[in-house]
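Engineer: Mind looking over this structure? Questions follow.
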Amino acid sequence: MRYLPHTQSEIDEMLEVIGISSLDELFAPIPGHLQLDGPLDLPEPMDELTLDAHMRELADSCRMSGGTLSFLGAGLNEHYLPHAISQLLLRSEFATAYTPYQPEISQGTLQAIFEYQSMMAAILDLDVVNASMYDGAHATAEGLLMALRANNRQRALLAPTLHPEYRQVAATYLAPSAELLTAGPISDQGTVDLASLRTLLATDKQIGCVAVGSPNFLGCVEPMAEIHSLCSEAGIPLLQAFTEPLAFGVLKPPGQVGASIATGEAMTLGSSLGFGGPSLGVFAITNQLVRHMPGRLSGQTVDQEGRTGYVLTLSTREQHIRRERATSNICTNQGLCATATAIYFALLGKEGYRRLAGLNLSRAEFAKRSLAQVSGVIIPFGAPTFNEFTIELPCEAAQLAEECAQDGLIIGLPLSRFFPERTRQLIVAVTEVHTRSAIERLVATIADKLR
């Protein structure tokens, strides 16, 4: 039985109110290639027994992930997750907790969020971290909106090396109210071209924020101190985006390089990569921007008897305050993912976090040096990297990646997926889960395929 929530007359009445004539006109802003031009191509319904047998057949036809060695990153890197995390998350108090509207019955949820905020703020060296961002791309888009809202400008400048999916989400979010510009070409170092950035900031006074990813999409560490200096001269905030917060175990964090806003992804620090989600968007700022911040803050206080308690210190969602005063309509509660990350941080500790970051760096450097010795393979960019880097091959990267995948080895992400002109370049991600023998297999397989 189909679910039809509205009659045709009700639909017509609603269309008339908003001033359009048809549902096609309503969905016109959605690109044509993303719209269905017919019913979904699905098989006929099956009974439960038949469906179970069908799913078993599909499972048997798939290569199990445990038998595949992957060096795929480009936004979400694979890290080892201590079993204590999944065991603690089995507690029903965590699994069933929803948005903590009533603090008197939500002390555990509020404290878990508070601990996450505190530890993430320490890692990023910024004053305030909120909770409940969908993912890194969404957090970055909200950061840009906040920056433009705070200084009443209409243009944001994005680094060409910022993750392409972050750029796409930002374009969607900002389309009704602002314009996105690209900060020149990618330099020979694989970073922002400082000369182009300096020229743009000097000539366009409507730019209200600069967003740079570091380590960037190509794996390169950006010259953040120089970029911050240019932003300071222009009197605008710097937003540093990231997809790998573990990098700040060895690199200077955003707060130390002058970023007023830091946004990114923390899914891989405590949550599983399975099926692409759920993600954990990170949003950190200086105190000066706190009144413009979207989402919510969990704060620590004391009651009349001096006992520690936790409350929602700031909630700027339209569910909490008047719509016209709201900074966003962020509806989800990523509390479970934030709790997982807080447990991850607590298990590692400050020194463990640094040691793990160093392990990622050393293994990635070993892989980079080893691949550079393969005939025909070069490292195209000279900037420092953390646990991801780009290699250039003497052949089509997508074709080589497909051949290696047939042997159970995912060698990385071909850059042509996002940069059509970079057909021979590939992003390789190496973390603590990749042993020396795994890296040697990667190098030997690529060398063998290129002979």
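Convention: chains lettered A, B, ... in structure tokens order; per-chain residue numbering from 1; ligands numbered from 1 as shown.
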Find the spatial neighbours of Leu246 of chain A, counting only C-alpha atoms, within a cut-off of 8 Å - ignore same-chain residues fewer than 3 positions away - and output them as a ChimeraX atom specification.
Structural biologist: /A:249,353,356-357
Engineer: Save out the residues we just selected, C-alpha atoms, as a PDB file, in the first residue's frame.
Structural biologist:
```
ATOM      1  CA  GLY A 249      49.420  15.548  17.897  1.00  0.00           C
ATOM      2  CA  TYR A 353      47.803  10.958  21.494  1.00  0.00           C
ATOM      3  CA  LEU A 356      49.989   7.727  18.025  1.00  0.00           C
ATOM      4  CA  ALA A 357      50.357  10.825  15.845  1.00  0.00           C
TER       5      ALA A 357
END
```
Engineer: Hey, what's within 10 Å of Pro294 of chain A if we count only C-alpha atoms and toss same-chain stuff fewer than 2 positions away? As number ranges by chain, please?
Structural biologist: A: 130-133, 139, 142-143, 145-146, 283, 290-292, 296-297, 314-317, 326-330
Engineer: Write a file of the just-selected residues containing N, CA and C atoms, as a PDB file, in the first residue's frame.
Structural biologist:
```pdb
ATOM      1  N   ASN A 130      31.572  23.209  20.216  1.00  0.00           N
ATOM      2  CA  ASN A 130      30.156  22.893  20.411  1.00  0.00           C
ATOM      3  C   ASN A 130      29.894  21.418  20.150  1.00  0.00           C
ATOM      4  N   ALA A 131      28.646  21.030  20.218  1.00  0.00           N
ATOM      5  CA  ALA A 131      28.237  19.651  19.929  1.00  0.00           C
ATOM      6  C   ALA A 131      27.133  19.681  18.885  1.00  0.00           C
ATOM      7  N   SER A 132      26.982  18.571  18.208  1.00  0.00           N
ATOM      8  CA  SER A 132      25.902  18.363  17.246  1.00  0.00           C
ATOM      9  C   SER A 132      26.112  19.058  15.912  1.00  0.00           C
ATOM     10  N   MET A 133      27.198  18.700  15.253  1.00  0.00           N
ATOM     11  CA  MET A 133      27.404  19.012  13.843  1.00  0.00           C
ATOM     12  C   MET A 133      27.319  17.699  13.075  1.00  0.00           C
ATOM     13  N   ALA A 139      30.028  21.206   9.160  1.00  0.00           N
ATOM     14  CA  ALA A 139      30.625  22.108  10.138  1.00  0.00           C
ATOM     15  C   ALA A 139      31.367  23.249   9.443  1.00  0.00           C
ATOM     16  N   GLU A 142      28.858  25.744   8.062  1.00  0.00           N
ATOM     17  CA  GLU A 142      28.315  26.553   9.157  1.00  0.00           C
ATOM     18  C   GLU A 142      29.349  27.550   9.663  1.00  0.00           C
ATOM     19  N   GLY A 143      30.629  27.157   9.649  1.00  0.00           N
ATOM     20  CA  GLY A 143      31.674  28.076  10.061  1.00  0.00           C
ATOM     21  C   GLY A 143      31.781  29.280   9.138  1.00  0.00           C
ATOM     22  N   LEU A 145      29.295  30.460   7.234  1.00  0.00           N
ATOM     23  CA  LEU A 145      28.099  31.267   7.465  1.00  0.00           C
ATOM     24  C   LEU A 145      28.263  32.134   8.712  1.00  0.00           C
ATOM     25  N   MET A 146      28.800  31.551   9.769  1.00  0.00           N
ATOM     26  CA  MET A 146      28.986  32.287  11.012  1.00  0.00           C
ATOM     27  C   MET A 146      29.959  33.449  10.822  1.00  0.00           C
ATOM     28  N   PHE A 283      33.373  21.651  15.595  1.00  0.00           N
ATOM     29  CA  PHE A 283      33.217  23.090  15.399  1.00  0.00           C
ATOM     30  C   PHE A 283      33.839  23.789  16.608  1.00  0.00           C
ATOM     31  N   VAL A 290      31.512  33.483  20.110  1.00  0.00           N
ATOM     32  CA  VAL A 290      30.603  32.523  20.728  1.00  0.00           C
ATOM     33  C   VAL A 290      29.129  32.891  20.537  1.00  0.00           C
ATOM     34  N   ARG A 291      28.801  34.153  20.498  1.00  0.00           N
ATOM     35  CA  ARG A 291      27.399  34.557  20.334  1.00  0.00           C
ATOM     36  C   ARG A 291      26.879  34.341  18.922  1.00  0.00           C
ATOM     37  N   HIS A 292      27.776  34.077  17.998  1.00  0.00           N
ATOM     38  CA  HIS A 292      27.375  33.819  16.616  1.00  0.00           C
ATOM     39  C   HIS A 292      27.371  32.326  16.290  1.00  0.00           C
ATOM     40  N   ARG A 296      24.884  23.892  20.009  1.00  0.00           N
ATOM     41  CA  ARG A 296      24.660  23.985  21.448  1.00  0.00           C
ATOM     42  C   ARG A 296      25.968  23.810  22.215  1.00  0.00           C
ATOM     43  N   LEU A 297      25.958  24.306  23.458  1.00  0.00           N
ATOM     44  CA  LEU A 297      27.088  24.136  24.359  1.00  0.00           C
ATOM     45  C   LEU A 297      26.597  23.499  25.648  1.00  0.00           C
ATOM     46  N   LEU A 314      24.322  27.252  26.148  1.00  0.00           N
ATOM     47  CA  LEU A 314      23.958  28.047  24.975  1.00  0.00           C
ATOM     48  C   LEU A 314      23.283  27.136  23.956  1.00  0.00           C
ATOM     49  N   SER A 315      22.109  27.542  23.503  1.00  0.00           N
ATOM     50  CA  SER A 315      21.396  26.795  22.458  1.00  0.00           C
ATOM     51  C   SER A 315      20.809  27.805  21.497  1.00  0.00           C
ATOM     52  N   THR A 316      21.376  27.861  20.309  1.00  0.00           N
ATOM     53  CA  THR A 316      20.927  28.866  19.338  1.00  0.00           C
ATOM     54  C   THR A 316      20.123  28.233  18.211  1.00  0.00           C
ATOM     55  N   ARG A 317      19.584  27.035  18.463  1.00  0.00           N
ATOM     56  CA  ARG A 317      18.745  26.388  17.462  1.00  0.00           C
ATOM     57  C   ARG A 317      17.343  26.996  17.501  1.00  0.00           C
ATOM     58  N   ALA A 326      17.599  32.596  15.681  1.00  0.00           N
ATOM     59  CA  ALA A 326      18.394  31.373  15.639  1.00  0.00           C
ATOM     60  C   ALA A 326      19.536  31.502  14.628  1.00  0.00           C
ATOM     61  N   THR A 327      20.655  30.854  14.936  1.00  0.00           N
ATOM     62  CA  THR A 327      21.781  30.860  14.012  1.00  0.00           C
ATOM     63  C   THR A 327      21.773  29.650  13.094  1.00  0.00           C
ATOM     64  N   SER A 328      20.949  28.648  13.403  1.00  0.00           N
ATOM     65  CA  SER A 328      20.905  27.452  12.566  1.00  0.00           C
ATOM     66  C   SER A 328      19.683  26.627  12.933  1.00  0.00           C
ATOM     67  N   ASN A 329      19.463  25.579  12.147  1.00  0.00           N
ATOM     68  CA  ASN A 329      18.425  24.609  12.461  1.00  0.00           C
ATOM     69  C   ASN A 329      19.061  23.222  12.467  1.00  0.00           C
ATOM     70  N   ILE A 330      20.070  23.053  13.315  1.00  0.00           N
ATOM     71  CA  ILE A 330      20.770  21.783  13.423  1.00  0.00           C
ATOM     72  C   ILE A 330      19.973  20.893  14.365  1.00  0.00           C
TER      73      ILE A 330
END
```
Engineer: List the spatial neighbours of segment 157-160 of chain A as a PyMOL selection string - criterion: any atom at most 10 Å away, only C-alpha atoms, same-chain residues fewer than 6 positions off excluded.
Structural biologist: chain A and resi 144+166-167+170+179-187+190-193+197+200-201+207-213+216-217+238-239
Engineer: Using DSSP assignments from the backbone, pull out every residue in segment 126-351 of chain A that falls under strand (DSSP E or B) and give it to me as a ChimeraX atom specification.
Structural biologist: /A:128-129,131,133,155-158,179-182,186,192,207-213,220,238-242,261-265,281-285,296-302,308-315,317,328
Engineer: Could you take the residues named above and write them with N, CA and C atoms, as a short mmCIF file (atom, residue, chain, number, x, y, z; two decimals), in the first residue's frame?
Structural biologist:
```cif
data_model
loop_
_atom_site.label_atom_id
_atom_site.label_comp_id
_atom_site.auth_asym_id
_atom_site.auth_seq_id
_atom_site.Cartn_x
_atom_site.Cartn_y
_atom_site.Cartn_z
N VAL A 128 36.28 27.41 22.59
CA VAL A 128 34.95 26.82 22.67
C VAL A 128 34.77 25.77 21.59
N VAL A 129 34.23 24.62 21.97
CA VAL A 129 33.83 23.58 21.01
C VAL A 129 32.38 23.25 21.27
N ALA A 131 28.65 21.03 20.22
CA ALA A 131 28.24 19.65 19.93
C ALA A 131 27.13 19.68 18.89
N MET A 133 27.20 18.70 15.25
CA MET A 133 27.40 19.01 13.84
C MET A 133 27.32 17.70 13.08
N ARG A 155 31.18 37.48 0.91
CA ARG A 155 32.05 36.60 0.12
C ARG A 155 33.00 35.81 1.02
N ALA A 156 33.16 34.55 0.68
CA ALA A 156 34.09 33.69 1.40
C ALA A 156 35.12 33.17 0.40
N LEU A 157 36.36 33.09 0.84
CA LEU A 157 37.46 32.66 -0.02
C LEU A 157 37.91 31.27 0.41
N LEU A 158 37.80 30.31 -0.51
CA LEU A 158 38.14 28.93 -0.20
C LEU A 158 39.44 28.54 -0.90
N GLU A 179 28.66 34.49 -1.71
CA GLU A 179 29.40 34.06 -2.90
C GLU A 179 30.71 33.40 -2.46
N LEU A 180 31.03 32.30 -3.10
CA LEU A 180 32.28 31.61 -2.80
C LEU A 180 33.30 31.88 -3.90
N LEU A 181 34.52 32.21 -3.50
CA LEU A 181 35.61 32.45 -4.43
C LEU A 181 36.72 31.45 -4.15
N THR A 182 37.53 31.17 -5.17
CA THR A 182 38.67 30.26 -5.00
C THR A 182 39.95 31.07 -4.90
N ILE A 186 46.55 25.94 -7.31
CA ILE A 186 47.35 25.14 -6.38
C ILE A 186 48.82 25.37 -6.70
N VAL A 192 48.18 26.36 -0.91
CA VAL A 192 47.63 27.62 -1.39
C VAL A 192 48.74 28.49 -1.98
N ILE A 207 35.36 40.22 0.99
CA ILE A 207 35.72 38.89 1.51
C ILE A 207 35.67 38.93 3.03
N GLY A 208 34.90 38.02 3.61
CA GLY A 208 34.70 38.04 5.05
C GLY A 208 35.32 36.87 5.78
N CYS A 209 35.91 35.93 5.05
CA CYS A 209 36.53 34.78 5.71
C CYS A 209 37.38 34.02 4.69
N VAL A 210 38.47 33.43 5.16
CA VAL A 210 39.30 32.56 4.33
C VAL A 210 39.27 31.17 4.97
N ALA A 211 38.95 30.15 4.17
CA ALA A 211 38.90 28.77 4.66
C ALA A 211 40.00 27.95 3.99
N VAL A 212 40.84 27.35 4.82
CA VAL A 212 41.96 26.55 4.33
C VAL A 212 41.97 25.22 5.08
N GLY A 213 42.12 24.13 4.36
CA GLY A 213 42.26 22.82 5.00
C GLY A 213 43.72 22.48 5.21
N CYS A 220 48.99 17.70 1.98
CA CYS A 220 50.04 18.66 2.29
C CYS A 220 49.67 19.56 3.47
N LEU A 238 40.35 33.60 9.98
CA LEU A 238 40.85 32.43 9.26
C LEU A 238 40.15 31.19 9.80
N LEU A 239 39.58 30.41 8.89
CA LEU A 239 38.96 29.13 9.24
C LEU A 239 39.89 28.01 8.79
N GLN A 240 40.32 27.18 9.72
CA GLN A 240 41.13 26.02 9.36
C GLN A 240 40.27 24.76 9.43
N ALA A 241 40.10 24.12 8.29
CA ALA A 241 39.36 22.87 8.22
C ALA A 241 40.33 21.70 8.30
N PHE A 242 39.82 20.54 8.68
CA PHE A 242 40.67 19.36 8.76
C PHE A 242 39.82 18.11 8.62
N ILE A 261 38.53 29.98 13.75
CA ILE A 261 37.52 28.93 13.61
C ILE A 261 38.24 27.67 13.13
N ALA A 262 37.91 26.54 13.72
CA ALA A 262 38.42 25.25 13.24
C ALA A 262 37.24 24.30 13.08
N THR A 263 37.12 23.71 11.92
CA THR A 263 36.01 22.79 11.64
C THR A 263 36.55 21.55 10.96
N GLY A 264 35.92 20.43 11.21
CA GLY A 264 36.39 19.23 10.55
C GLY A 264 35.67 17.98 11.01
N GLU A 265 36.30 16.86 10.76
CA GLU A 265 35.71 15.54 10.98
C GLU A 265 36.47 14.79 12.06
N GLY A 281 30.90 15.93 13.21
CA GLY A 281 31.44 17.22 12.81
C GLY A 281 31.97 17.98 14.01
N VAL A 282 33.14 18.59 13.85
CA VAL A 282 33.79 19.37 14.91
C VAL A 282 33.68 20.85 14.58
N PHE A 283 33.37 21.65 15.59
CA PHE A 283 33.22 23.09 15.40
C PHE A 283 33.84 23.79 16.61
N ALA A 284 34.95 24.50 16.39
CA ALA A 284 35.67 25.17 17.47
C ALA A 284 35.92 26.63 17.11
N ILE A 285 35.85 27.51 18.11
CA ILE A 285 35.98 28.95 17.87
C ILE A 285 36.68 29.62 19.04
N ARG A 296 24.88 23.89 20.01
CA ARG A 296 24.66 23.99 21.45
C ARG A 296 25.97 23.81 22.21
N LEU A 297 25.96 24.31 23.46
CA LEU A 297 27.09 24.14 24.36
C LEU A 297 26.60 23.50 25.65
N SER A 298 27.31 22.51 26.13
CA SER A 298 27.06 21.95 27.44
C SER A 298 28.04 22.60 28.41
N GLY A 299 27.53 23.13 29.51
CA GLY A 299 28.39 23.81 30.47
C GLY A 299 28.31 23.19 31.85
N GLN A 300 29.36 23.43 32.65
CA GLN A 300 29.43 22.92 34.02
C GLN A 300 29.10 24.04 34.99
N THR A 301 28.32 23.74 36.01
CA THR A 301 27.94 24.74 37.00
C THR A 301 27.83 24.06 38.36
N VAL A 302 27.31 24.78 39.35
CA VAL A 302 27.01 24.21 40.66
C VAL A 302 25.60 24.60 41.04
N THR A 308 28.22 19.79 41.76
CA THR A 308 28.47 19.98 40.33
C THR A 308 27.27 19.54 39.51
N GLY A 309 26.94 20.33 38.51
CA GLY A 309 25.84 20.00 37.60
C GLY A 309 26.17 20.46 36.20
N TYR A 310 25.41 19.95 35.24
CA TYR A 310 25.65 20.27 33.83
C TYR A 310 24.36 20.77 33.19
N VAL A 311 24.49 21.77 32.35
CA VAL A 311 23.33 22.41 31.72
C VAL A 311 23.65 22.74 30.27
N LEU A 312 22.63 23.04 29.50
CA LEU A 312 22.84 23.61 28.18
C LEU A 312 23.08 25.10 28.35
N THR A 313 24.34 25.49 28.28
CA THR A 313 24.71 26.88 28.51
C THR A 313 24.25 27.78 27.37
N LEU A 314 24.32 27.25 26.15
CA LEU A 314 23.96 28.05 24.98
C LEU A 314 23.28 27.14 23.96
N SER A 315 22.11 27.54 23.50
CA SER A 315 21.40 26.80 22.46
C SER A 315 20.81 27.81 21.50
N ARG A 317 19.58 27.04 18.46
CA ARG A 317 18.75 26.39 17.46
C ARG A 317 17.34 27.00 17.50
N SER A 328 20.95 28.65 13.40
CA SER A 328 20.90 27.45 12.57
C SER A 328 19.68 26.63 12.93
#
```
Engineer: Segment 250-252 of chain A: which residues within 9 Å, counting only C-alpha atoms, same-chain residues fewer than 2 positions away excluded, as an NGL selection string?
Structural biologist: :A and (124 or 221 or 246-248 or 254-257 or 354-355 or 357-358 or 361 or 386)
Engineer: Among the residues of segment 83-136 of chain A, find those DSSP assigns to helix (DSSP H, G or I) from the backbone and print them as a PyMOL selection string.
Structural biologist: chain A and resi 83-88+92-96+103-105+107-124+136
Engineer: Excluding same-chain residues fewer than 5 positions from Leu400 of chain A, what lies within 12 Å of it counting only C-alpha atoms, as a list in words?
Structural biologist: Glu392, Leu393, Pro394, Cys395, Ala405, Gln406, Asp407, Leu409, Ile410, Ile411, Gly412, Leu413, Pro414, Thr423, Arg424, Gln425, Leu426, Thr445, Ile446, Ala447, Asp448, Lys449 and Leu450 of chain A
Engineer: Could you write those residues out with C-alpha atoms, as a PDB file, in the first residue's frame?
Structural biologist:
```pdb
ATOM      1  CA  GLU A 392      52.306  10.614  -9.512  1.00  0.00           C
ATOM      2  CA  LEU A 393      52.400   7.541 -11.727  1.00  0.00           C
ATOM      3  CA  PRO A 394      53.619   6.962 -15.290  1.00  0.00           C
ATOM      4  CA  CYS A 395      50.149   5.638 -16.175  1.00  0.00           C
ATOM      5  CA  ALA A 405      41.689  -3.829  -6.427  1.00  0.00           C
ATOM      6  CA  GLN A 406      41.198  -7.103  -8.289  1.00  0.00           C
ATOM      7  CA  ASP A 407      44.086  -8.461  -6.210  1.00  0.00           C
ATOM      8  CA  LEU A 409      44.612  -4.142  -2.590  1.00  0.00           C
ATOM      9  CA  ILE A 410      43.108  -0.639  -2.604  1.00  0.00           C
ATOM     10  CA  ILE A 411      46.124   1.552  -3.289  1.00  0.00           C
ATOM     11  CA  GLY A 412      44.437   4.923  -2.757  1.00  0.00           C
ATOM     12  CA  LEU A 413      42.118   7.481  -4.330  1.00  0.00           C
ATOM     13  CA  PRO A 414      42.720   8.561  -7.956  1.00  0.00           C
ATOM     14  CA  THR A 423      44.740  11.631 -14.251  1.00  0.00           C
ATOM     15  CA  ARG A 424      48.079  10.215 -13.065  1.00  0.00           C
ATOM     16  CA  GLN A 425      47.971  11.283  -9.443  1.00  0.00           C
ATOM     17  CA  LEU A 426      46.788   9.249  -6.469  1.00  0.00           C
ATOM     18  CA  THR A 445      52.442  -4.482  -6.013  1.00  0.00           C
ATOM     19  CA  ILE A 446      52.728  -1.039  -7.610  1.00  0.00           C
ATOM     20  CA  ALA A 447      56.297  -1.774  -8.743  1.00  0.00           C
ATOM     21  CA  ASP A 448      55.201  -5.089 -10.267  1.00  0.00           C
ATOM     22  CA  LYS A 449      52.236  -3.522 -12.100  1.00  0.00           C
ATOM     23  CA  LEU A 450      54.431  -0.780 -13.554  1.00  0.00           C
TER      24      LEU A 450
END
```
Engineer: Return the single residue from A:Ser232, A:Arg441, A:Leu347, A:Asp127 that is closest to Asn287 of chain A, with distances computed using only C-alpha atoms.
Structural biologist: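 Ranking A:Ser232, A:Arg441, A:Leu347, A:Asp127 by distance to Asn287 of chain A, first place goes to A:Asp127.
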Engineer: How many Å lie between atom CA of Leu81 of chain A and atom CA of Leu273 of chain A, rounded to one decimal?
Structural biologist: 10.4 Å
Engineer: One number please: atom CA of Glu57 of chain A to atom CA of Leu36 of chain A, in Å, one decimal.
Structural biologist: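 Between atom CA of Glu57 of chain A and atom CA of Leu36 of chain A the gap is 28.6 Å.
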Engineer: Would you mind listing what lies within 9 Å of Phe345 of chain A as a PyMOL selection string, with only C-alpha atoms counted and same-chain residues fewer than 5 positions away left out?
Structural biologist: chain A and resi 116+119-120+269-270+340+350+352-353
Engineer: Write to file, as a JSON list (two decimals), in the first residue's frame, the residues of the selection just made, with N, CA and C atoms.
Structural biologist:
```json
[["chain", "number", "residue", "atom", "x", "y", "z"],
["A", 116, "TYR", "N", 33.64, 15.78, 26.11],
["A", 116, "TYR", "CA", 34.08, 15.80, 24.71],
["A", 116, "TYR", "C", 34.51, 17.21, 24.31],
["A", 119, "MET", "N", 37.95, 18.20, 25.93],
["A", 119, "MET", "CA", 39.13, 17.55, 25.37],
["A", 119, "MET", "C", 39.39, 17.99, 23.94],
["A", 120, "MET", "N", 38.35, 18.17, 23.13],
["A", 120, "MET", "CA", 38.54, 18.62, 21.76],
["A", 120, "MET", "C", 39.09, 20.05, 21.74],
["A", 269, "LEU", "N", 38.06, 8.99, 15.08],
["A", 269, "LEU", "CA", 38.59, 8.93, 16.44],
["A", 269, "LEU", "C", 37.50, 8.42, 17.37],
["A", 270, "GLY", "N", 37.21, 7.14, 17.27],
["A", 270, "GLY", "CA", 36.25, 6.54, 18.18],
["A", 270, "GLY", "C", 35.06, 5.89, 17.53],
["A", 340, "ALA", "N", 31.88, 8.51, 22.12],
["A", 340, "ALA", "CA", 32.90, 7.58, 21.63],
["A", 340, "ALA", "C", 34.24, 8.27, 21.50],
["A", 350, "LYS", "N", 47.11, 12.37, 26.90],
["A", 350, "LYS", "CA", 47.87, 13.38, 26.15],
["A", 350, "LYS", "C", 49.11, 12.78, 25.50],
["A", 352, "GLY", "N", 49.75, 9.55, 24.92],
["A", 352, "GLY", "CA", 49.37, 8.52, 23.94],
["A", 352, "GLY", "C", 48.93, 9.12, 22.63],
["A", 353, "TYR", "N", 48.25, 10.27, 22.71],
["A", 353, "TYR", "CA", 47.80, 10.96, 21.49],
["A", 353, "TYR", "C", 49.01, 11.39, 20.67]]
```
Engineer: Restricting the calculation to only C-alpha atoms: of A:Ala53, A:Ala367, A:Leu218, A:Leu162, which residue gets closest to Ile427 of chain A?
Structural biologist: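 For Ile427 of chain A, the nearest of the given residues is A:Leu218.
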Engineer: Which residues come within 10 Å of Arg198 of chain A, counting only C-alpha atoms, excluding same-chain residues fewer than 5 positions away, as a list in words?
Structural biologist: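 Once the nearby chain positions are removed, what remains is Ala183, Gly184, Asp193, Thr203, Ile227, Ser229, Leu230, Cys231, Glu233 and Ala234 of chain A.
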